[in-house]
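Coordinates from coords.cif are shown below (mmCIF, C-alpha atoms and all ligand atoms).
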```
data_target
loop_
_atom_site.label_atom_id
_atom_site.label_comp_id
_atom_site.auth_asym_id
_atom_site.auth_seq_id
_atom_site.Cartn_x
_atom_site.Cartn_y
_atom_site.Cartn_z
CA MET A 1 -11.03 -11.03 9.48
CA ASP A 2 -13.26 -9.35 12.04
CA ILE A 3 -12.73 -5.67 12.81
CA ALA A 4 -14.66 -3.95 15.59
CA VAL A 5 -15.36 -0.22 15.23
CA ILE A 6 -15.21 1.63 18.55
CA GLY A 7 -15.08 5.20 19.74
CA LEU A 8 -16.79 7.80 21.87
CA PRO A 9 -20.50 8.39 21.33
CA GLN A 10 -21.16 10.68 18.32
CA SER A 11 -17.62 10.37 17.03
CA GLY A 12 -18.95 9.04 13.72
CA LYS A 13 -18.61 5.27 14.24
CA THR A 14 -21.80 4.41 12.40
CA THR A 15 -20.95 6.90 9.65
CA VAL A 16 -17.52 5.27 9.20
CA PHE A 17 -19.14 1.84 9.28
CA ASN A 18 -21.61 2.87 6.56
CA ALA A 19 -18.81 4.38 4.48
CA LEU A 20 -16.90 1.10 4.68
CA THR A 21 -19.80 -1.26 4.15
CA ALA A 22 -21.84 0.88 1.73
CA GLY A 23 -24.99 0.20 3.70
CA ASN A 24 -24.67 -3.58 3.16
CA SER A 25 -25.06 -4.71 6.72
CA THR A 26 -27.11 -7.09 8.79
CA SER A 27 -27.90 -6.73 12.45
CA THR A 28 -27.58 -9.39 15.07
CA GLY A 29 -28.32 -9.84 18.75
CA GLY A 30 -31.07 -7.34 19.43
CA GLY A 31 -32.19 -6.45 22.91
CA GLY A 32 -30.03 -4.98 25.64
CA ALA A 33 -28.39 -1.86 24.34
CA GLY A 34 -29.63 -2.55 20.81
CA PRO A 35 -28.47 -4.69 17.93
CA VAL A 36 -24.92 -4.98 16.64
CA GLN A 37 -24.49 -4.14 12.95
CA ILE A 38 -22.22 -6.36 10.90
CA GLY A 39 -21.06 -5.51 7.38
CA VAL A 40 -19.05 -7.82 5.14
CA VAL A 41 -16.71 -6.28 2.59
CA LYS A 42 -14.90 -8.22 -0.10
CA VAL A 43 -11.23 -7.36 -0.40
CA ILE A 44 -10.83 -7.46 -4.16
CA ASP A 45 -7.49 -9.01 -5.09
CA PRO A 46 -6.86 -7.91 -8.71
CA ARG A 47 -4.62 -10.95 -9.27
CA LEU A 48 -7.68 -13.19 -9.07
CA ALA A 49 -9.23 -11.57 -12.15
CA VAL A 50 -6.09 -12.48 -14.11
CA LEU A 51 -6.09 -16.04 -12.78
CA ASP A 52 -9.80 -16.24 -13.62
CA GLY A 53 -8.92 -15.59 -17.26
CA MET A 54 -6.19 -18.23 -17.14
CA TYR A 55 -8.01 -21.06 -15.34
CA ASN A 56 -11.65 -20.26 -16.01
CA PRO A 57 -12.60 -21.76 -12.62
CA LYS A 58 -16.18 -22.32 -11.39
CA LYS A 59 -15.64 -19.53 -8.86
CA ILE A 60 -13.12 -17.02 -7.61
CA ILE A 61 -13.06 -16.24 -3.90
CA HIS A 62 -11.82 -12.91 -2.59
CA PRO A 63 -10.99 -12.49 1.11
CA GLU A 64 -13.53 -10.71 3.29
CA ILE A 65 -13.37 -8.21 6.10
CA LYS A 66 -16.24 -8.19 8.55
CA TYR A 67 -16.81 -4.83 10.26
CA TRP A 68 -18.74 -4.65 13.53
CA ASP A 69 -20.54 -1.47 14.55
CA LEU A 70 -21.25 -1.74 18.26
CA PRO A 71 -24.48 -0.47 19.80
CA PRO A 72 -24.20 2.75 21.79
CA ILE A 73 -23.41 2.31 25.42
CA ASP A 74 -26.37 2.44 27.79
CA ARG A 75 -25.74 5.84 29.43
CA GLU A 76 -28.05 5.15 32.33
CA SER A 77 -26.21 2.13 33.65
CA ALA A 78 -22.77 3.40 32.63
CA SER A 79 -20.47 5.63 34.63
CA ALA A 80 -19.85 9.10 33.19
CA ASN A 81 -16.56 8.35 31.40
CA GLN A 82 -17.19 4.73 30.52
CA VAL A 83 -16.44 3.98 26.88
CA LEU A 84 -17.11 0.25 26.75
CA SER A 85 -19.89 -1.86 28.21
CA GLY A 86 -19.42 -5.50 29.18
CA ARG A 87 -21.22 -6.62 26.05
CA GLN A 88 -19.05 -4.41 23.88
CA ARG A 89 -15.93 -5.87 25.48
CA ASN A 90 -17.09 -9.35 24.52
CA ILE A 91 -17.37 -8.31 20.90
CA LEU A 92 -13.97 -6.65 20.98
CA GLN A 93 -12.41 -9.76 22.46
CA ALA A 94 -13.57 -11.83 19.51
CA ALA A 95 -12.31 -9.31 16.93
CA ASN A 96 -8.97 -9.67 15.10
CA ALA A 97 -8.32 -5.94 15.09
CA LEU A 98 -9.87 -2.73 16.43
CA LEU A 99 -10.71 0.42 14.50
CA LEU A 100 -10.88 3.44 16.80
CA VAL A 101 -12.97 6.28 15.40
CA VAL A 102 -11.85 9.67 16.70
CA ARG A 103 -13.81 12.84 16.07
CA ALA A 104 -11.76 15.55 14.39
CA PHE A 105 -14.62 17.54 12.86
CA GLU A 106 -15.94 20.74 14.32
CA ASP A 107 -19.69 21.09 14.41
CA PRO A 108 -21.15 23.53 16.91
CA ALA A 109 -24.53 21.85 16.52
CA LEU A 110 -23.22 18.49 17.67
CA LEU A 111 -22.04 18.28 21.28
CA HIS A 112 -18.95 16.25 22.06
CA PRO A 113 -19.51 14.05 25.15
CA LEU A 114 -16.40 15.67 26.69
CA ASP A 115 -17.44 19.16 25.49
CA THR A 116 -14.42 19.92 23.30
CA VAL A 117 -13.09 18.38 20.09
CA ASP A 118 -9.64 17.11 21.10
CA PRO A 119 -8.48 14.13 19.01
CA ALA A 120 -5.21 13.61 20.93
CA ARG A 121 -7.10 13.35 24.22
CA ASP A 122 -9.64 10.94 22.71
CA VAL A 123 -6.95 8.64 21.27
CA LYS A 124 -5.36 8.37 24.70
CA LEU A 125 -8.72 7.89 26.40
CA LEU A 126 -9.69 5.04 24.08
CA LEU A 127 -6.33 3.31 24.44
CA ASP A 128 -6.56 3.68 28.22
CA GLU A 129 -9.97 2.08 28.10
CA LEU A 130 -8.51 -0.96 26.34
CA SER A 131 -5.75 -1.22 28.97
CA LEU A 132 -8.29 -0.92 31.73
CA ALA A 133 -10.38 -3.74 30.31
CA ASP A 134 -7.25 -5.93 30.15
CA LEU A 135 -6.19 -5.04 33.68
CA GLU A 136 -9.59 -6.08 34.98
CA ALA A 137 -9.41 -9.36 33.06
CA LEU A 138 -5.89 -10.06 34.35
CA GLU A 139 -6.83 -9.22 37.94
CA LYS A 140 -9.71 -11.67 37.77
CA ALA A 141 -7.44 -14.32 36.27
CA GLU A 142 -4.81 -13.72 38.93
CA ALA A 143 -7.36 -14.09 41.74
CA ARG A 144 -8.78 -17.25 40.18
CA LEU A 145 -5.36 -18.81 39.60
CA THR A 146 -4.09 -17.92 43.07
CA ASP A 147 -7.18 -19.46 44.60
CA GLY A 148 -6.80 -22.57 42.43
CA LEU A 149 -3.18 -22.91 43.49
CA LYS A 150 -4.11 -22.82 47.16
CA LYS A 151 -6.69 -25.56 46.72
CA ALA A 152 -4.53 -27.73 44.48
CA LYS A 153 -2.70 -30.84 45.63
CA PRO A 154 1.07 -30.30 46.03
CA ALA A 155 1.78 -32.51 43.00
CA GLU A 156 -0.46 -30.36 40.77
CA ARG A 157 1.08 -27.04 41.75
CA PRO A 158 4.24 -26.90 39.59
CA ALA A 159 2.13 -27.11 36.42
CA MET A 160 -0.04 -24.20 37.53
CA ILE A 161 2.69 -21.76 38.49
CA PRO A 162 3.94 -20.67 35.03
CA LEU A 163 0.52 -19.34 33.97
CA LEU A 164 0.15 -17.36 37.19
CA ASP A 165 3.66 -15.97 36.71
CA THR A 166 2.83 -14.92 33.15
CA VAL A 167 -0.40 -13.23 34.21
CA GLN A 168 1.39 -11.29 36.95
CA LYS A 169 4.26 -10.28 34.68
CA VAL A 170 1.95 -9.04 31.91
CA LYS A 171 -0.22 -7.20 34.41
CA THR A 172 2.77 -5.39 35.92
CA SER A 173 3.98 -4.25 32.48
CA LEU A 174 0.49 -3.15 31.51
CA GLU A 175 0.24 -1.10 34.72
CA ALA A 176 3.47 0.56 33.62
CA GLY A 177 1.70 1.57 30.40
CA ILE A 178 3.00 -1.07 27.98
CA PRO A 179 0.28 -2.67 25.83
CA VAL A 180 0.50 -6.45 25.66
CA LYS A 181 1.49 -6.42 21.97
CA SER A 182 4.57 -4.32 22.83
CA GLN A 183 5.68 -6.59 25.68
CA PRO A 184 8.51 -9.03 25.02
CA LEU A 185 6.87 -12.42 25.54
CA THR A 186 8.12 -15.91 24.87
CA PRO A 187 6.10 -18.09 22.47
CA SER A 188 4.80 -20.17 25.39
CA GLU A 189 3.73 -17.03 27.26
CA THR A 190 1.94 -15.77 24.15
CA THR A 191 0.18 -19.12 23.77
CA ALA A 192 -0.80 -19.11 27.44
CA LEU A 193 -2.44 -15.68 27.00
CA VAL A 194 -4.49 -16.53 23.92
CA ASP A 195 -7.50 -17.64 25.93
CA PHE A 196 -7.72 -14.26 27.67
CA GLN A 197 -8.26 -12.48 24.31
CA LEU A 198 -6.61 -9.35 25.68
CA LEU A 199 -7.54 -6.15 23.86
CA THR A 200 -4.11 -4.48 24.01
CA ALA A 201 -2.68 -7.57 22.31
CA LYS A 202 -4.74 -6.78 19.21
CA PRO A 203 -3.71 -4.60 16.27
CA VAL A 204 -5.29 -1.15 16.63
CA MET A 205 -5.98 1.42 13.92
CA VAL A 206 -7.07 4.99 14.49
CA SER A 207 -9.35 6.63 11.96
CA PHE A 208 -9.55 10.38 12.29
CA ASN A 209 -12.94 11.60 11.19
CA ALA A 210 -12.44 15.08 9.78
CA GLY A 211 -14.88 17.58 8.34
CA GLU A 212 -15.22 18.08 4.58
CA SER A 213 -13.13 21.23 4.46
CA GLU A 214 -10.51 20.14 6.98
CA GLU A 215 -7.31 18.21 6.55
CA PRO A 216 -7.47 15.19 8.90
CA PRO A 217 -4.87 15.20 11.68
CA THR A 218 -2.21 12.51 12.08
CA LEU A 219 -0.80 10.99 15.24
CA LEU A 220 2.41 12.88 14.52
CA SER A 221 0.68 16.24 13.93
CA LEU A 222 -1.20 15.80 17.20
CA GLY A 223 2.04 15.25 19.06
CA VAL A 224 1.04 11.78 20.26
CA SER A 225 4.21 10.36 21.78
CA ALA A 226 6.10 7.73 19.82
CA ASP A 227 5.66 5.05 22.48
CA ILE A 228 1.87 5.43 22.21
CA ALA A 229 1.75 5.95 18.43
CA GLY A 230 4.19 3.14 17.71
CA GLY A 231 2.38 0.10 16.43
CA LEU A 232 -0.86 1.97 15.75
CA GLY A 233 -2.20 2.09 12.21
CA GLU A 234 -3.85 5.36 11.19
CA VAL A 235 -6.04 6.73 8.47
CA GLY A 236 -7.67 10.13 7.99
CA LEU A 237 -11.02 10.41 6.28
CA CYS A 238 -14.17 12.43 6.05
CA ALA A 239 -16.70 9.83 7.08
CA LYS A 240 -19.77 11.84 6.16
CA LEU A 241 -18.59 12.49 2.61
CA GLU A 242 -17.35 8.91 2.23
CA GLU A 243 -20.72 7.63 3.45
CA ASP A 244 -22.52 9.72 0.82
CA LEU A 245 -20.17 8.48 -1.90
CA ALA A 246 -20.43 4.85 -0.77
CA LEU A 247 -24.21 4.97 -1.05
CA MET A 248 -24.13 6.63 -4.50
CA ASP A 249 -24.27 4.84 -7.84
CA PRO A 250 -20.68 3.51 -8.23
CA ASP A 251 -20.06 5.19 -11.64
CA GLU A 252 -21.32 8.51 -10.33
CA ALA A 253 -19.14 8.14 -7.24
CA VAL A 254 -16.04 7.63 -9.41
CA GLU A 255 -16.84 10.78 -11.41
CA PHE A 256 -17.49 12.69 -8.23
CA ARG A 257 -14.19 11.62 -6.72
CA GLU A 258 -12.29 12.67 -9.82
CA ALA A 259 -14.06 16.01 -9.99
CA MET A 260 -13.28 16.68 -6.31
CA GLY A 261 -9.71 15.40 -6.55
CA LEU A 262 -10.35 12.90 -3.78
CA ASP A 263 -8.12 10.07 -2.66
CA GLU A 264 -8.90 6.43 -3.13
CA PRO A 265 -12.19 5.41 -1.46
CA ALA A 266 -12.01 5.04 2.33
CA VAL A 267 -12.85 1.36 2.03
CA GLU A 268 -9.62 0.80 0.06
CA ARG A 269 -7.46 2.92 2.31
CA VAL A 270 -8.80 1.34 5.51
CA LYS A 271 -8.31 -2.11 4.01
CA GLN A 272 -4.67 -1.30 3.22
CA VAL A 273 -4.10 0.06 6.73
CA CYS A 274 -5.66 -3.12 8.13
CA TYR A 275 -3.37 -5.33 6.08
CA ASP A 276 -0.32 -3.27 7.05
CA THR A 277 -1.20 -2.97 10.74
CA VAL A 278 -2.27 -6.57 11.21
CA GLY A 279 0.67 -7.56 9.00
CA LEU A 280 -1.13 -9.67 6.40
CA VAL A 281 0.05 -11.11 3.10
CA SER A 282 -2.01 -13.22 0.69
CA PHE A 283 -1.09 -16.51 -0.86
CA LEU A 284 -3.12 -17.80 -3.79
CA THR A 285 -4.51 -21.17 -4.80
CA VAL A 286 -5.53 -21.99 -8.37
CA GLY A 287 -7.53 -24.74 -10.05
CA GLU A 288 -10.51 -25.51 -12.24
CA ASP A 289 -12.82 -25.46 -9.22
CA GLU A 290 -11.73 -22.19 -7.70
CA CYS A 291 -9.05 -19.55 -7.61
CA ARG A 292 -8.72 -17.97 -4.23
CA ALA A 293 -6.68 -15.51 -2.15
CA TRP A 294 -5.89 -16.42 1.47
CA PRO A 295 -4.80 -13.68 3.86
CA VAL A 296 -2.26 -14.89 6.44
CA PRO A 297 0.05 -13.14 8.91
CA ALA A 298 3.34 -12.09 7.31
CA GLY A 299 6.12 -14.50 8.23
CA ILE A 300 3.84 -17.55 8.48
CA VAL A 301 5.51 -20.84 7.51
CA ALA A 302 4.09 -23.15 4.86
CA GLN A 303 2.87 -25.78 7.31
CA MET A 304 0.78 -23.25 9.26
CA ALA A 305 -0.45 -21.55 6.08
CA ALA A 306 -1.80 -24.92 4.95
CA GLY A 307 -3.89 -24.95 8.14
CA THR A 308 -5.80 -21.86 7.02
CA ILE A 309 -7.28 -23.93 4.18
CA HIS A 310 -8.19 -26.81 6.47
CA THR A 311 -6.97 -27.39 10.03
CA ASP A 312 -6.10 -31.00 9.16
CA PHE A 313 -3.68 -29.76 6.49
CA THR A 314 -1.19 -28.68 9.16
CA ARG A 315 -0.91 -32.20 10.55
CA GLY A 316 -0.93 -33.87 7.13
CA PHE A 317 1.50 -31.43 5.49
CA ILE A 318 4.01 -33.14 3.17
CA ARG A 319 5.33 -30.25 1.07
CA ALA A 320 4.26 -27.18 -0.85
CA GLU A 321 4.70 -26.55 -4.56
CA VAL A 322 5.25 -22.82 -4.86
CA ILE A 323 5.51 -20.38 -7.75
CA ALA A 324 5.48 -16.60 -7.50
CA TYR A 325 2.39 -15.04 -9.10
CA ASP A 326 4.47 -13.00 -11.57
CA ASP A 327 6.36 -16.12 -12.65
CA LEU A 328 3.12 -18.02 -13.20
CA ILE A 329 1.72 -15.22 -15.36
CA ARG A 330 4.95 -15.04 -17.35
CA CYS A 331 5.11 -18.83 -17.85
CA GLY A 332 1.41 -19.19 -18.57
CA SER A 333 0.98 -22.48 -16.70
CA LEU A 334 2.29 -24.46 -13.73
CA ALA A 335 3.73 -27.06 -16.12
CA GLN A 336 5.78 -24.43 -17.96
CA GLY A 337 6.84 -23.00 -14.57
CA ARG A 338 8.10 -26.43 -13.59
CA LYS A 339 10.05 -26.72 -16.87
CA GLU A 340 11.67 -23.35 -16.30
CA GLY A 341 12.55 -24.27 -12.72
CA VAL A 342 10.54 -21.44 -11.09
CA LEU A 343 7.98 -23.83 -9.57
CA ARG A 344 9.77 -25.06 -6.44
CA SER A 345 9.09 -27.69 -3.87
CA GLU A 346 9.22 -26.21 -0.35
CA GLY A 347 9.14 -27.79 3.11
CA LYS A 348 7.31 -27.11 6.38
CA THR A 349 9.39 -24.12 7.44
CA TYR A 350 9.29 -22.20 4.13
CA GLU A 351 8.20 -18.62 4.81
CA VAL A 352 5.18 -17.79 2.66
CA LYS A 353 5.45 -14.59 0.57
CA ASP A 354 2.70 -12.34 -0.72
CA GLY A 355 1.56 -13.60 -4.12
CA ASP A 356 2.91 -17.12 -3.77
CA VAL A 357 0.70 -19.49 -5.73
CA ILE A 358 0.74 -22.67 -3.66
CA ASN A 359 -0.36 -26.23 -4.14
CA PHE A 360 -0.13 -28.11 -0.82
CA LEU A 361 0.58 -31.82 -0.93
CA ILE A 362 -1.22 -33.37 2.01
CA ASN A 363 -1.23 -36.78 3.59
CA THR A 364 -4.88 -37.37 4.46
N1 LIG B 1 -20.35 17.81 10.61
C1 LIG B 1 -20.02 16.52 10.58
N2 LIG B 1 -20.85 15.63 11.17
C2 LIG B 1 -20.53 14.34 11.15
C3 LIG B 1 -19.33 13.87 10.54
N3 LIG B 1 -19.28 12.52 10.71
C4 LIG B 1 -20.39 12.18 11.40
N4 LIG B 1 -21.14 13.28 11.66
C5 LIG B 1 -22.43 13.35 12.36
O1 LIG B 1 -22.24 13.03 13.70
C6 LIG B 1 -23.40 12.40 14.23
C7 LIG B 1 -23.00 11.12 14.92
O2 LIG B 1 -22.51 10.21 13.95
P1 LIG B 1 -22.63 8.65 14.17
O3 LIG B 1 -21.91 8.01 13.04
O4 LIG B 1 -24.04 8.24 14.41
O5 LIG B 1 -21.79 8.50 15.51
P2 LIG B 1 -21.64 7.26 16.51
O6 LIG B 1 -22.45 7.59 17.70
O7 LIG B 1 -20.18 7.25 16.83
O8 LIG B 1 -22.07 6.03 15.79
C8 LIG B 1 -24.33 12.16 13.06
O9 LIG B 1 -25.31 13.17 13.10
C9 LIG B 1 -23.42 12.33 11.85
O10 LIG B 1 -24.12 12.79 10.73
C10 LIG B 1 -18.48 14.82 9.90
O11 LIG B 1 -17.42 14.49 9.34
N5 LIG B 1 -18.87 16.13 9.96
MG MG B 2 -23.48 4.53 16.16
#
```

What is this structure when it is put down as structure tokens?
Amino acid sequence: MDIAVIGLPQSGKTTVFNALTAGNSTSTGGGGAGPVQIGVVKVIDPRLAVLDGMYNPKKIIHPEIKYWDLPPIDRESASANQVLSGRQRNILQAANALLLVVRAFEDPALLHPLDTVDPARDVKLLLDELSLADLEALEKAEARLTDGLKKAKPAERPAMIPLLDTVQKVKTSLEAGIPVKSQPLTPSETTALVDFQLLTAKPVMVSFNAGESEEPPTLLSLGVSADIAGGLGEVGLCAKLEEDLALMDPDEAVEFREAMGLDEPAVERVKQVCYDTVGLVSFLTVGEDECRAWPVPAGIVAQMAAGTIHTDFTRGFIRAEVIAYDDLIRCGSLAQGRKEGVLRSEGKTYEVKDGDVINFLINT
């Protein structure tokens, strides 16, 4: 899963990124406004350690989250209030979710680009920026599709009209302030929009970056209206402190956290918010080769879940043998699970649950 970190200049994006990736990052695509930093974080699934003991596989594979820290915007070529450059938009389009960093710390020595520290204003400004990027993309698409329709032969036109209709409908709702993910769309409309990679269709999380001695705000405490806050994930943290702890020796960091009475590390809390906001569950696969956790959108059916292992598995899907993780641990083996009747055979439309241990039977 790819998560892009965005926010106003000096809001603490890089500090949050370092806190989440513990300094383990690589940069890519230098030049222009500078390189993009990418950090890969393993999402440790504790169930895999238990399965490791049971199956003794050659390897266990935890899911990964890839965080992207975007380069600062080039102030000289940007307009005064511009938050995103064209290059940044491209990165955001490819991301699965967006993490908005909002400054909530006071520091007289560090100027805010809009002079005052006002988290509620900044949340709105960043969300507006995402809408604006989508509106521009939809306007371009509308112009291109309208032009194409004019030039098309009469027989070709009926096939082109639905997409243009969808683009216009989504654009109108977006102009009325409704992000794409909150718009009621039919499955075919959603499919038609996939290629546009619209930003307001993506899950968005806000991370409030508070000072060490301050309680981070929440969307509710800031009075952000429910129609804006609805659907947003949120997490409060002190990025500077979390960065220091992330770069410390792990044992020392644990002691430090206990002594200071701190919450779980930011990396854990942000991961949980990601899973909740994106709506992910994990199914598990076991075997002598590997035991692995596979994050998938909640509600996914077995046939589509098979496709996350290999795209061909969707087409070749025959059935899925499923046992709940807890049942497997209690029974001690798949064979015993089968005897006890808790290992079931499920079809294409079975809805995958978190912790299902699945063996897909595939026609190759
Ligand atoms: N006082 C204070 N400074 C912070 C905090 N978080 C970040 N900073 C500082 O703010 C400045 C900008 O942070 P940075 O992460 O580079 O921001 P970016 O431009 O959004 O990537 C740096 O000097 C940080 O040390 C914080 O919680 N408190
Ligand atoms: Mg930065």

Expected answer as a ChimeraX atom specification: residues within 9 Å of ligand LIG 1 (chain B), only C-alpha atoms and all ligand atoms: /A:6-18,69-72,101-110,209-212,237-241,243

Separation of CA of Thr364 (chain A) from CA of Ala306 (chain A), in Å and rounded to one decimal: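 Atom-to-atom, CA of Thr364 (chain A) and CA of Ala306 (chain A) are spaced 12.8 Å apart.
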
Taking 2 positions as the minimum chain separation for residues in the same chain, which residues sit within 7 Å of region 173-186 of chain A when counting all atoms listed in the file? Answer as an mmCIF file with C-alpha atoms, in the coordinates of the input.
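Below you can see around.cif, which holds the result:
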```
data_model
loop_
_atom_site.group_PDB
_atom_site.id
_atom_site.type_symbol
_atom_site.label_atom_id
_atom_site.label_comp_id
_atom_site.auth_asym_id
_atom_site.auth_seq_id
_atom_site.Cartn_x
_atom_site.Cartn_y
_atom_site.Cartn_z
ATOM 1 C CA SER A 131 -5.750 -1.220 28.970
ATOM 2 C CA LYS A 169 4.260 -10.280 34.680
ATOM 3 C CA VAL A 170 1.950 -9.040 31.910
ATOM 4 C CA LYS A 171 -0.220 -7.200 34.410
ATOM 5 C CA SER A 188 4.800 -20.170 25.390
ATOM 6 C CA GLU A 189 3.730 -17.030 27.260
ATOM 7 C CA THR A 190 1.940 -15.770 24.150
ATOM 8 C CA THR A 200 -4.110 -4.480 24.010
ATOM 9 C CA ALA A 201 -2.680 -7.570 22.310
ATOM 10 C CA LYS A 202 -4.740 -6.780 19.210
#
```

For CA of Thr166 (chain A) and CA of Arg89 (chain A), the interatomic separation in Å (one decimal):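 Pair CA of Thr166 (chain A) / CA of Arg89 (chain A) returns 22.2 Å.
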
All residues 10 Å or closer to Asp45 (chain A), all atoms listed in the file, same chain fewer than 3 positions away omitted, as number ranges by chain: A: 42, 48-50, 61-63, 282, 284, 292-293

Residue neighbourhood Asn24 (chain A), 10 Å, all atoms listed in the file, exclusion window fewer than 2 positions, as an MDAnalysis selection string: chainID A and resid 17:22 26 37:41 247

Mind rebuilding region 175-192 of chain A with N, CA and C atoms and writing that out as a PDB file, in the coordinates of the input?
```pdb
ATOM      1  N   GLU A 175       0.401  -2.210  33.752  1.00  0.00           N
ATOM      2  CA  GLU A 175       0.240  -1.100  34.720  1.00  0.00           C
ATOM      3  C   GLU A 175       1.269  -0.015  34.468  1.00  0.00           C
ATOM      4  N   ALA A 176       2.427  -0.424  33.941  1.00  0.00           N
ATOM      5  CA  ALA A 176       3.470   0.560  33.620  1.00  0.00           C
ATOM      6  C   ALA A 176       3.225   1.207  32.254  1.00  0.00           C
ATOM      7  N   GLY A 177       2.087   0.890  31.632  1.00  0.00           N
ATOM      8  CA  GLY A 177       1.700   1.570  30.400  1.00  0.00           C
ATOM      9  C   GLY A 177       2.102   0.868  29.116  1.00  0.00           C
ATOM     10  N   ILE A 178       2.568  -0.364  29.194  1.00  0.00           N
ATOM     11  CA  ILE A 178       3.000  -1.070  27.980  1.00  0.00           C
ATOM     12  C   ILE A 178       1.898  -2.018  27.513  1.00  0.00           C
ATOM     13  N   PRO A 179       1.313  -1.752  26.334  1.00  0.00           N
ATOM     14  CA  PRO A 179       0.280  -2.670  25.830  1.00  0.00           C
ATOM     15  C   PRO A 179       0.863  -4.057  25.608  1.00  0.00           C
ATOM     16  N   VAL A 180       0.008  -5.068  25.723  1.00  0.00           N
ATOM     17  CA  VAL A 180       0.500  -6.450  25.660  1.00  0.00           C
ATOM     18  C   VAL A 180       1.268  -6.715  24.367  1.00  0.00           C
ATOM     19  N   LYS A 181       0.800  -6.118  23.238  1.00  0.00           N
ATOM     20  CA  LYS A 181       1.490  -6.420  21.970  1.00  0.00           C
ATOM     21  C   LYS A 181       2.899  -5.835  21.917  1.00  0.00           C
ATOM     22  N   SER A 182       3.216  -4.879  22.803  1.00  0.00           N
ATOM     23  CA  SER A 182       4.570  -4.320  22.830  1.00  0.00           C
ATOM     24  C   SER A 182       5.441  -4.974  23.894  1.00  0.00           C
ATOM     25  N   GLN A 183       4.898  -5.931  24.627  1.00  0.00           N
ATOM     26  CA  GLN A 183       5.680  -6.590  25.680  1.00  0.00           C
ATOM     27  C   GLN A 183       6.470  -7.754  25.082  1.00  0.00           C
ATOM     28  N   PRO A 184       7.740  -7.891  25.512  1.00  0.00           N
ATOM     29  CA  PRO A 184       8.510  -9.030  25.020  1.00  0.00           C
ATOM     30  C   PRO A 184       8.045 -10.315  25.700  1.00  0.00           C
ATOM     31  N   LEU A 185       7.389 -11.183  24.958  1.00  0.00           N
ATOM     32  CA  LEU A 185       6.870 -12.420  25.540  1.00  0.00           C
ATOM     33  C   LEU A 185       7.455 -13.613  24.800  1.00  0.00           C
ATOM     34  N   THR A 186       7.648 -14.693  25.524  1.00  0.00           N
ATOM     35  CA  THR A 186       8.120 -15.910  24.870  1.00  0.00           C
ATOM     36  C   THR A 186       6.937 -16.557  24.151  1.00  0.00           C
ATOM     37  N   PRO A 187       7.212 -17.423  23.175  1.00  0.00           N
ATOM     38  CA  PRO A 187       6.100 -18.090  22.470  1.00  0.00           C
ATOM     39  C   PRO A 187       5.156 -18.806  23.442  1.00  0.00           C
ATOM     40  N   SER A 188       5.697 -19.438  24.484  1.00  0.00           N
ATOM     41  CA  SER A 188       4.800 -20.170  25.390  1.00  0.00           C
ATOM     42  C   SER A 188       3.959 -19.201  26.224  1.00  0.00           C
ATOM     43  N   GLU A 189       4.534 -18.033  26.544  1.00  0.00           N
ATOM     44  CA  GLU A 189       3.730 -17.030  27.260  1.00  0.00           C
ATOM     45  C   GLU A 189       2.610 -16.517  26.354  1.00  0.00           C
ATOM     46  N   THR A 190       2.946 -16.246  25.097  1.00  0.00           N
ATOM     47  CA  THR A 190       1.940 -15.770  24.150  1.00  0.00           C
ATOM     48  C   THR A 190       0.810 -16.796  24.013  1.00  0.00           C
ATOM     49  N   THR A 191       1.189 -18.062  23.884  1.00  0.00           N
ATOM     50  CA  THR A 191       0.180 -19.120  23.770  1.00  0.00           C
ATOM     51  C   THR A 191      -0.686 -19.167  25.015  1.00  0.00           C
ATOM     52  N   ALA A 192      -0.057 -19.025  26.180  1.00  0.00           N
ATOM     53  CA  ALA A 192      -0.800 -19.110  27.440  1.00  0.00           C
ATOM     54  C   ALA A 192      -1.832 -17.986  27.550  1.00  0.00           C
TER      55      ALA A 192
END
```
